[in-house]
Amino acid sequence: NFKRMGSLNTTHDFNSALLQQPPFVLEKFHTSMIEVTDGYKSHIELNPNIYLIYKGEGYMTPYHSDVHTTPQITLYHQLSGTSIFHFLPLLVGLYVTEIGRSQEGGPQKAKDVLVELDQRAIGTVGVLNAGEVMMIMPYGSHGVFVPCVSSDINSSNNHNNSGATDAKLSTIRAAEFFITPILHKYHNLLSTNTNTDWIDNLMKLPDSDGAHLLTFEQ
């Protein structure tokens, strides 16, 4: 029973000789992704970690940006079920997650914020059904939802209005493509550069933003 449960980090490292034979569904996918990058390695490189992401009906992720590794383009291939992606500006999405997790806020407060964002036409929605592919660029934030199809979870079946299918388990295989110049730039900065001045100025606020922040805090 996978209701409201899932795994976002089931991976196979195709560069590791210590791991067992990968599932066929990932091995074939990895081969296809190598073919995609063939001849373009000066521009993109395939992350050797290939993901098998599965989520039960009613599951939702926090709003997040994929910053677990170097900036990347992610390719999602839906194998079964449905995934509903809700895209928001980066800080807006992280704010929704913070509100939902806080004691002062909680799920209802997060819902209220999402309703207001929808009324203001902020954000976009993408529905991914079995056999379809989605590409996510390395900016912005997104939350992923699996629609409820069981009568004991959602008797109204309102998910049908979103284009969702009636499979109870959403399964995705995913690959990440690094932008080669960016990958090498940060690899060199982090592994060989002893001068840390670049870190101090990485996200430095303009003076005008600093003044606005000071006013807000007061």
# chains A, B, ... in the order shown; residues from 1 in each chain; ligands from 1

call {"tool": "select_by_dssp", "arguments": {"residues": "region 15-214 of chain A", "states": "helix (DSSP H, G or I)", "output": "count of residues only"}}
result
69

call {"tool": "atom_distance", "arguments": {"atom1": "CA of Thr70 (chain A)", "atom2": "CA of Gly93 (chain A)"}}
result
20.0 Å

call {"tool": "select_by_dssp", "arguments": {"residues": "region 17-169 of chain A", "states": "strand (DSSP E)", "output": "VMD selection string"}}
result
chain A and resid 44 to 46 49 to 56 72 to 80 82 to 88 124 to 129 133 to 136 141 to 145 169

call {"tool": "atom_distance", "arguments": {"atom1": "CA of Leu114 (chain A)", "atom2": "CA of Thr97 (chain A)"}}
result
10.6 Å

call {"tool": "closest_residue", "arguments": {"among": "A:Ala130, A:His142, A:Ser80, A:Ile136", "to": "Leu94 (chain A)", "atoms": "only C-alpha atoms"}}
result
A:His142

call {"tool": "closest_residue", "arguments": {"among": "A:Ser191, A:Thr124, A:Asn15, A:Thr61", "to": "Ser83 (chain A)", "atoms": "only C-alpha atoms"}}
result
A:Thr61

call {"tool": "closest_residue", "arguments": {"among": "A:Val96, A:Lys185, A:His64, A:His77", "to": "Ser32 (chain A)", "atoms": "only C-alpha atoms"}}
result
A:His77

call {"tool": "atom_distance", "arguments": {"atom1": "CA of Gly58 (chain A)", "atom2": "CA of Val144 (chain A)"}}
result
10.5 Å

call {"tool": "residues_around", "arguments": {"residues": "region 87-90 of chain A", "least_positions_apart": "4", "cutoff": "12 Å", "atoms": "only C-alpha atoms", "output": "PyMOL selection string"}}
result
chain A and resi 62-67+94-97+114+117-118+121-127+136-145

call {"tool": "closest_residue", "arguments": {"among": "A:Glu57, A:Asp207, A:Glu176, A:Asp13", "to": "Ile84 (chain A)", "atoms": "only C-alpha atoms"}}
result
A:Glu57
